[in-house]
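Novice: What follows is work17.txt, made up of compact mmCIF, C-alpha atoms:
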```
# COMPACT_ATOMS: atom_id res chain seq x y z
CA MET A 1 -116.63 -5.53 56.36
CA LEU A 2 -118.24 -5.05 52.95
CA ARG A 3 -121.75 -6.16 52.11
CA ILE A 4 -121.62 -7.55 48.60
CA ALA A 5 -124.77 -8.25 46.61
CA CYS A 6 -124.25 -11.61 44.94
CA PRO A 7 -126.24 -11.53 41.66
CA TRP A 8 -127.92 -14.79 42.67
CA CYS A 9 -128.05 -14.77 46.50
CA GLY A 10 -128.52 -11.09 47.31
CA PRO A 11 -126.56 -9.04 49.86
CA ARG A 12 -124.16 -11.08 51.99
CA ALA A 13 -121.22 -10.47 54.29
CA GLU A 14 -117.76 -10.10 52.76
CA ILE A 15 -116.40 -13.18 54.62
CA GLU A 16 -118.58 -15.41 52.41
CA PHE A 17 -116.67 -14.20 49.33
CA SER A 18 -113.19 -14.50 47.88
CA TYR A 19 -111.50 -11.85 45.76
CA GLY A 20 -110.44 -12.74 42.24
CA GLY A 21 -108.43 -9.74 41.05
CA GLU A 22 -109.13 -7.34 38.20
CA ALA A 23 -111.93 -8.30 35.80
CA HIS A 24 -111.91 -8.36 31.99
CA ILE A 25 -108.31 -9.56 31.66
CA ALA A 26 -108.57 -11.65 28.51
CA LEU A 27 -105.99 -14.17 27.37
CA PRO A 28 -104.40 -12.64 24.27
CA GLU A 29 -105.06 -14.39 20.96
CA ALA A 30 -102.11 -16.50 19.78
CA ALA A 31 -100.76 -16.43 23.33
CA ASP A 32 -98.01 -18.91 22.41
CA ALA A 33 -96.56 -16.40 19.95
CA LEU A 34 -96.16 -13.56 22.48
CA ASP A 35 -92.72 -12.31 23.44
CA ASP A 36 -91.77 -12.15 27.12
CA ALA A 37 -92.65 -8.49 27.50
CA ALA A 38 -96.15 -8.97 26.07
CA TRP A 39 -96.68 -12.10 28.19
CA ALA A 40 -95.56 -10.28 31.32
CA GLN A 41 -97.90 -7.44 30.43
CA TYR A 42 -100.81 -9.90 30.33
CA LEU A 43 -99.77 -11.80 33.47
CA PHE A 44 -98.69 -9.09 35.85
CA MET A 45 -99.67 -5.58 34.80
CA ARG A 46 -102.94 -4.25 36.28
CA THR A 47 -104.59 -0.83 36.32
CA ASN A 48 -104.49 -0.42 40.14
CA PRO A 49 -106.65 2.73 40.19
CA LYS A 50 -107.56 4.95 43.08
CA GLY A 51 -111.28 5.03 42.40
CA ARG A 52 -113.61 2.71 40.56
CA HIS A 53 -112.16 -0.71 39.88
CA LEU A 54 -113.71 -3.55 37.89
CA GLU A 55 -112.98 -6.75 39.75
CA ARG A 56 -113.98 -10.38 40.10
CA TRP A 57 -115.39 -12.00 43.20
CA VAL A 58 -116.60 -15.54 43.93
CA HIS A 59 -119.30 -16.43 46.46
CA THR A 60 -117.12 -19.15 48.01
CA HIS A 61 -119.32 -20.03 50.98
CA GLY A 62 -122.60 -19.45 49.14
CA CYS A 63 -123.56 -20.40 45.59
CA ARG A 64 -119.87 -20.71 44.54
CA ARG A 65 -120.45 -18.59 41.40
CA TRP A 66 -118.11 -15.95 39.98
CA PHE A 67 -119.34 -12.46 39.18
CA ASN A 68 -118.02 -8.93 38.67
CA VAL A 69 -118.10 -5.93 40.98
CA VAL A 70 -117.43 -2.22 40.43
CA ARG A 71 -115.81 -1.09 43.67
CA ASP A 72 -114.26 2.25 44.58
CA THR A 73 -110.86 1.40 46.04
CA ALA A 74 -110.77 4.64 48.04
CA SER A 75 -114.28 4.77 49.51
CA GLU A 76 -115.03 1.00 49.34
CA ARG A 77 -118.42 1.88 47.84
CA ILE A 78 -119.76 -0.75 45.46
CA ALA A 79 -121.31 0.96 42.42
CA ALA A 80 -122.57 -2.16 40.65
CA VAL A 81 -122.55 -5.93 40.54
CA TYR A 82 -122.92 -7.74 37.22
CA GLN A 83 -122.75 -11.23 35.80
CA PRO A 84 -119.65 -12.77 34.23
CA GLY A 85 -119.52 -12.18 30.49
CA ALA A 86 -121.50 -8.95 30.80
CA GLU A 87 -120.18 -5.43 30.37
CA PRO A 88 -120.22 -3.12 33.41
CA PRO A 89 -123.34 -0.90 33.57
CA GLU A 90 -122.69 2.46 31.85
CA ASP A 91 -123.47 4.55 34.93
CA ALA A 92 -121.14 2.51 37.14
CA ARG A 93 -117.93 2.75 35.13
CA MET B 94 -129.77 -45.23 54.80
CA ALA B 95 -130.73 -46.98 58.02
CA GLU B 96 -127.82 -45.36 59.81
CA LEU B 97 -129.05 -43.65 62.97
CA ALA B 98 -127.82 -40.39 64.37
CA ARG B 99 -125.26 -40.61 67.16
CA ASP B 100 -127.36 -40.75 70.31
CA ASP B 101 -124.89 -38.63 72.27
CA ARG B 102 -125.58 -35.78 69.87
CA LEU B 103 -128.55 -34.24 71.60
CA ARG B 104 -128.40 -31.11 73.77
CA GLN B 105 -131.39 -29.26 75.15
CA GLY B 106 -132.35 -26.23 77.16
CA ALA B 107 -135.52 -24.29 77.80
CA GLY B 108 -135.17 -22.33 74.58
CA ILE B 109 -132.94 -24.49 72.41
CA SER B 110 -132.52 -28.01 71.16
CA ILE B 111 -129.63 -29.25 69.04
CA ALA B 112 -129.57 -32.77 67.67
CA GLU B 113 -128.03 -34.81 64.93
CA ARG B 114 -130.60 -36.05 62.43
CA PRO B 115 -130.53 -39.56 60.95
CA ALA B 116 -128.74 -39.85 57.63
CA ARG B 117 -130.94 -38.98 54.68
CA ALA B 118 -130.76 -39.16 50.92
CA CYS B 119 -128.93 -36.13 49.48
CA ILE B 120 -128.51 -35.82 45.72
CA ASP B 121 -126.75 -32.98 43.96
CA LEU B 122 -128.82 -32.08 40.91
CA ARG B 123 -127.62 -29.77 38.14
CA GLY B 124 -129.48 -28.65 35.07
CA ASP B 125 -131.02 -25.76 33.18
CA VAL B 126 -134.19 -24.52 34.88
CA THR B 127 -135.24 -22.77 31.66
CA ASP B 128 -135.32 -26.14 29.88
CA ALA B 129 -138.91 -27.41 30.16
CA ARG B 130 -137.77 -31.02 29.71
CA PHE B 131 -135.47 -30.72 32.74
CA VAL B 132 -138.17 -29.19 34.92
CA HIS B 133 -140.71 -31.79 33.78
CA ALA B 134 -138.34 -34.69 34.44
CA VAL B 135 -137.53 -33.48 37.97
CA GLU B 136 -141.22 -32.89 38.63
CA SER B 137 -142.13 -36.38 37.44
CA VAL B 138 -139.86 -37.93 40.10
CA THR B 139 -140.14 -35.52 43.05
CA ASP B 140 -143.53 -33.81 42.42
CA LEU B 141 -141.60 -30.54 42.83
CA ARG B 142 -140.39 -27.87 40.42
CA PRO B 143 -136.78 -26.79 40.97
CA PRO B 144 -136.98 -23.28 42.47
CA SER B 145 -135.27 -20.74 40.20
CA GLN B 146 -134.86 -18.04 42.87
CA GLY B 147 -132.00 -17.84 45.34
CA LEU B 148 -132.86 -18.69 48.97
CA ALA B 149 -135.80 -20.82 47.85
CA ALA B 150 -136.57 -24.38 48.78
CA ALA B 151 -139.46 -26.53 47.61
CA SER B 152 -140.74 -29.24 49.92
CA GLY B 153 -143.17 -32.05 49.23
CA LEU B 154 -144.11 -35.42 50.65
CA LEU B 155 -141.34 -37.30 48.87
CA ALA B 156 -138.44 -34.88 48.95
CA SER B 157 -137.25 -31.30 49.21
CA LEU B 158 -135.33 -29.34 46.57
CA LEU B 159 -132.91 -26.88 48.16
CA TRP B 160 -131.51 -24.14 45.92
CA LEU B 161 -127.69 -24.19 45.82
CA GLY B 162 -127.02 -22.06 42.76
CA PRO B 163 -128.67 -20.86 39.53
CA ASP B 164 -128.27 -24.35 38.02
CA GLU B 165 -127.81 -26.50 41.12
CA TRP B 166 -130.11 -28.01 43.75
CA LEU B 167 -129.80 -30.46 46.63
CA VAL B 168 -132.53 -33.10 46.50
CA VAL B 169 -133.06 -34.40 50.03
CA SER B 170 -135.42 -37.08 51.25
CA GLU B 171 -135.94 -38.78 54.58
CA THR B 172 -138.36 -41.34 53.17
CA GLN B 173 -136.78 -42.38 49.85
CA ALA B 174 -133.75 -44.63 49.49
CA SER B 175 -130.89 -42.59 48.07
CA GLY B 176 -129.83 -45.07 45.37
CA GLU B 177 -133.38 -45.61 44.18
CA LEU B 178 -134.20 -41.88 44.04
CA CYS B 179 -130.94 -41.25 42.21
CA ALA B 180 -131.71 -44.00 39.67
CA ARG B 181 -135.21 -42.63 39.07
CA LEU B 182 -133.86 -39.11 38.52
CA ARG B 183 -131.22 -40.41 36.09
CA GLN B 184 -133.85 -42.41 34.21
CA ALA B 185 -136.19 -39.40 33.95
CA LEU B 186 -133.35 -37.09 32.87
CA ARG B 187 -132.03 -39.41 30.16
CA GLY B 188 -131.19 -37.30 27.12
CA VAL B 189 -131.49 -34.04 29.06
CA HIS B 190 -128.39 -31.94 29.80
CA ALA B 191 -128.21 -32.54 33.56
CA ALA B 192 -126.09 -34.15 36.29
CA VAL B 193 -127.28 -36.32 39.19
CA THR B 194 -124.76 -37.13 41.92
CA GLU B 195 -125.35 -38.93 45.21
CA VAL B 196 -123.71 -36.90 47.99
CA GLY B 197 -125.59 -38.07 51.11
CA ASP B 198 -122.58 -39.78 52.68
CA ALA B 199 -120.71 -36.49 52.53
CA ARG B 200 -123.11 -34.64 54.78
CA ILE B 201 -124.37 -34.59 58.36
CA VAL B 202 -127.58 -32.79 59.29
CA TYR B 203 -128.04 -31.04 62.63
CA ALA B 204 -131.44 -29.82 63.77
CA VAL B 205 -131.34 -26.53 65.69
CA ALA B 206 -134.68 -25.39 67.08
CA GLY B 207 -136.22 -23.17 69.71
CA PRO B 208 -136.64 -19.48 70.56
CA ASN B 209 -132.87 -19.13 71.20
CA ALA B 210 -131.86 -20.68 67.86
CA ARG B 211 -131.27 -17.27 66.21
CA ASP B 212 -129.18 -16.14 69.21
CA VAL B 213 -126.96 -19.19 68.75
CA PHE B 214 -126.46 -18.61 65.00
CA ALA B 215 -125.85 -14.91 65.60
CA LYS B 216 -122.59 -15.79 67.38
CA GLY B 217 -120.88 -16.92 64.19
CA CYS B 218 -123.13 -16.90 61.16
CA PRO B 219 -123.21 -13.76 58.98
CA LEU B 220 -126.62 -14.62 57.47
CA ASP B 221 -129.57 -12.43 58.49
CA LEU B 222 -132.02 -14.92 60.01
CA HIS B 223 -134.51 -12.29 61.19
CA PRO B 224 -138.06 -13.32 60.17
CA ARG B 225 -138.29 -10.33 57.78
CA ALA B 226 -135.25 -11.62 55.89
CA PHE B 227 -135.39 -15.41 56.22
CA ARG B 228 -138.59 -17.41 56.53
CA PRO B 229 -139.67 -21.03 56.90
CA GLY B 230 -139.11 -22.84 53.63
CA GLN B 231 -136.04 -20.81 52.70
CA CYS B 232 -132.50 -22.12 52.56
CA ALA B 233 -129.08 -20.51 52.16
CA GLN B 234 -125.46 -21.50 52.08
CA THR B 235 -123.31 -19.49 54.42
CA LEU B 236 -120.66 -19.78 57.12
CA LEU B 237 -121.01 -21.19 60.62
CA GLY B 238 -117.83 -20.45 62.52
CA LYS B 239 -115.23 -21.37 59.92
CA VAL B 240 -117.16 -23.94 57.90
CA SER B 241 -119.50 -23.72 54.92
CA VAL B 242 -123.00 -24.87 55.78
CA LEU B 243 -126.41 -25.03 54.18
CA ILE B 244 -129.13 -23.72 56.51
CA HIS B 245 -132.75 -24.65 55.79
CA GLN B 246 -135.51 -23.15 57.93
CA VAL B 247 -138.03 -25.95 58.42
CA GLY B 248 -140.30 -24.42 61.07
CA GLN B 249 -141.76 -21.18 62.36
CA ASP B 250 -140.62 -21.78 65.99
CA PRO B 251 -137.94 -21.26 64.57
CA ALA B 252 -136.50 -24.62 63.55
CA TYR B 253 -133.52 -25.03 61.25
CA GLU B 254 -131.63 -27.88 59.66
CA VAL B 255 -127.92 -27.35 59.14
CA TYR B 256 -126.16 -29.42 56.46
CA VAL B 257 -122.43 -29.64 57.04
CA ALA B 258 -119.67 -31.64 55.33
CA ARG B 259 -118.99 -34.80 57.33
CA SER B 260 -115.31 -33.91 57.73
CA PHE B 261 -116.34 -30.69 59.50
CA ALA B 262 -119.22 -32.26 61.46
CA ASP B 263 -117.33 -32.59 64.75
CA TYR B 264 -116.17 -28.97 64.52
CA ALA B 265 -119.68 -27.77 63.70
CA TRP B 266 -121.17 -29.79 66.57
CA ALA B 267 -118.62 -28.42 69.04
CA TRP B 268 -119.25 -24.91 67.71
CA LEU B 269 -123.04 -25.24 68.11
CA VAL B 270 -122.81 -26.69 71.64
CA THR B 271 -120.33 -24.02 72.72
CA ALA B 272 -122.38 -21.20 71.21
CA ALA B 273 -125.54 -22.58 72.83
CA GLY B 274 -123.81 -23.15 76.18
CA GLU B 275 -125.59 -20.37 78.07
CA TYR B 276 -129.00 -21.71 76.98
CA LEU B 277 -128.40 -25.40 77.73
CA ASP B 278 -129.57 -27.36 80.79
CA GLY B 279 -127.09 -28.21 83.53
CA SER B 280 -123.43 -28.58 82.70
CA GLU B 281 -123.98 -30.56 79.51
CA GLY B 282 -123.27 -27.54 77.39
CA LYS B 283 -119.94 -26.72 78.95
```
If you took the structure in this file and wrote it as structure tokens, what would it be?

Specialist:
Amino acid sequence: MLRIACPWCGPRAEIEFSYGGEAHIALPEAADALDDAAWAQYLFMRTNPKGRHLERWVHTHGCRRWFNVVRDTASERIAAVYQPGAEPPEDAR
Amino acid sequence: MAELARDDRLRQGAGISIAERPARACIDLRGDVTDARFVHAVESVTDLRPPSQGLAAASGLLASLLWLGPDEWLVVSETQASGELCARLRQALRGVHAAVTEVGDARIVYAVAGPNARDVFAKGCPLDLHPRAFRPGQCAQTLLGKVSVLIHQVGQDPAYEVYVARSFADYAWAWLVTAAGEYLDGSEGK
């Protein structure tokens, strides 16, 4: 069980949250002009690191807001939590 | 809003009491708390400023404002008629970027009070309700068993009010009575 610090509600149990996959995946500009390979790259390909991972979570059973988390996929340590639209803190990347 | 609570929904023991509360006005209010016009309009109707901090609730004579999110509050009142309160909020917020939605029919409120109340919640609620972490006047959305609830601490004793979606109300009631079983009088809790 992780304890995740929602930017608005503070530290809460993991079961209150839902995972939203890797963060900062932006829809390419002129998406309708992409070829299949480029579209597949956007849709399916993720970094899948062993180590720090930038990812999205939503506080489903709390304030229902999305936010970003820097989590180490090996140690499960959470290095930082930051608001959507923001860049990850320098020391947490 | 004259609807009374179901009279079979009352269970008691030496250290616990669980009861359904009569229906009350609940209004979902959304707006920008940094917009002075929004704050002023809400204050003019409820005499309360929308709390900007998580976990915070503001209570007055007319109503309470329970924090749901950075731009969302639940306005609850046991004394004001829901439609009237809603109309007054809409009138005051005219021209302000805000949303006012009546949601009272969607919710049931259970009162859980007594020295064993925290023991009951501890069986299926991940929220830390210890007095150092959660005090009277605070509210939080969390899980109770498998359902989303809004818990508002209304008294020091401690006393809590649990807001649950009506469609999950029977489940939540059964969960509370089962969890409280060991503290209830006689066989009523079984």

Novice: Within 10 Å of chain B, which residues of chain A are there when counting all atoms listed in the file? Please give them as a list in words.

Specialist: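 The answer, sorted by residue number, is Cys6, Pro7, Trp8, Cys9, Gly10, Pro11, Arg12, Ala13, Glu14, Ile15, Glu16, Phe17, His59, Thr60, His61, Gly62, Cys63, Arg64 and Arg65 of chain A.
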
Novice: Using all atoms listed in the file, which residues sit within 7 Å of His53 (chain A) once same-chain residues fewer than 6 positions away are excluded, as a PyMOL selection string?

Specialist: chain A and resi 70-73

Novice: Restricting the calculation to all atoms listed in the file, which member of B:Arg130, B:Thr139, B:Cys179, B:Ala204 is positioned closest to Gln105 (chain B)?

Specialist: B:Ala204

Novice: For a test of reading the model, state the distance in Å between CA of Gly153 (chain B) and CA of Asp140 (chain B), rounded to one decimal.

Specialist: 7.0 Å

Novice: Would you work out the distance separating CA of Val58 (chain A) from CA of Ala40 (chain A), expressed in Å to one decimal?

Specialist: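 Atom-to-atom, CA of Val58 (chain A) and CA of Ala40 (chain A) are spaced 25.1 Å apart.
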
Novice: What does the distance between CA of Gly197 (chain B) and CA of Ala215 (chain B) come to in Å, to one decimal place?

Specialist: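 Pair CA of Gly197 (chain B) / CA of Ala215 (chain B) returns 27.3 Å.
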
Novice: Which residues come within 12 Å of Asn48 (chain A), counting all atoms listed in the file, excluding same-chain residues fewer than 3 positions away, as a VMD selection string?

Specialist: chain A and resid 21 to 23 44 to 45 51 to 55 71 to 74

Novice: Which residues come within 12 Å of Phe227 (chain B), counting only C-alpha atoms, excluding same-chain residues fewer than 2 positions away, as a PyMOL selection string?

Specialist: chain B and resi 147-150+211+220-225+229-233+244-249+251-253

Novice: I need the residue nearest Leu2 (chain A) from this list: A:Gln83, A:Thr47, A:Ser18, A:Pro89. Use all atoms listed in the file for the distance.

Specialist: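 Closest residue, counting all atoms listed in the file: A:Ser18.
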
Novice: I'd like to know which of A:Val81, A:Ala30, A:Leu43, A:Ala37 is closest to Val69 (chain A), using all atoms listed in the file.

Specialist: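 So, comparing all the options, the nearest one is A:Val81.
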
Novice: Take every atom of region 18-34 of chain A listed in the file, fit an axis-aligned box around them, add 6 Å per side, and give the centre and edge lengths in Å to one decimal as lines of an AutoDock Vina configuration file.

Specialist:
```
center_x = -104.7
center_y = -13.1
center_z = 33.8
size_x = 29.0
size_y = 23.6
size_z = 40.1
```

Novice: Considering only C-alpha atoms, can you say which of B:Ala258, B:Leu159, B:His133, B:Val205 comes closest to Val270 (chain B)?

Specialist: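 Closest to Val270 (chain B) of all the choices is B:Val205.
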
Novice: Compare B:Asp263, B:Asp101, B:Asp128, B:Asp121 by their minimum atom-to-atom distance to Ser175 (chain B), counting all atoms listed in the file, and give me the closest one.

Specialist: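 When distances to Ser175 (chain B) are compared using all atoms listed in the file, the smallest one comes from B:Asp121.
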
Novice: Compare A:Arg3, A:Ile25, A:Leu34, A:Ala86 by their minimum atom-to-atom distance to Phe67 (chain A), counting all atoms listed in the file, and give me the closest one.

Specialist: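 Closest candidate: A:Ala86.
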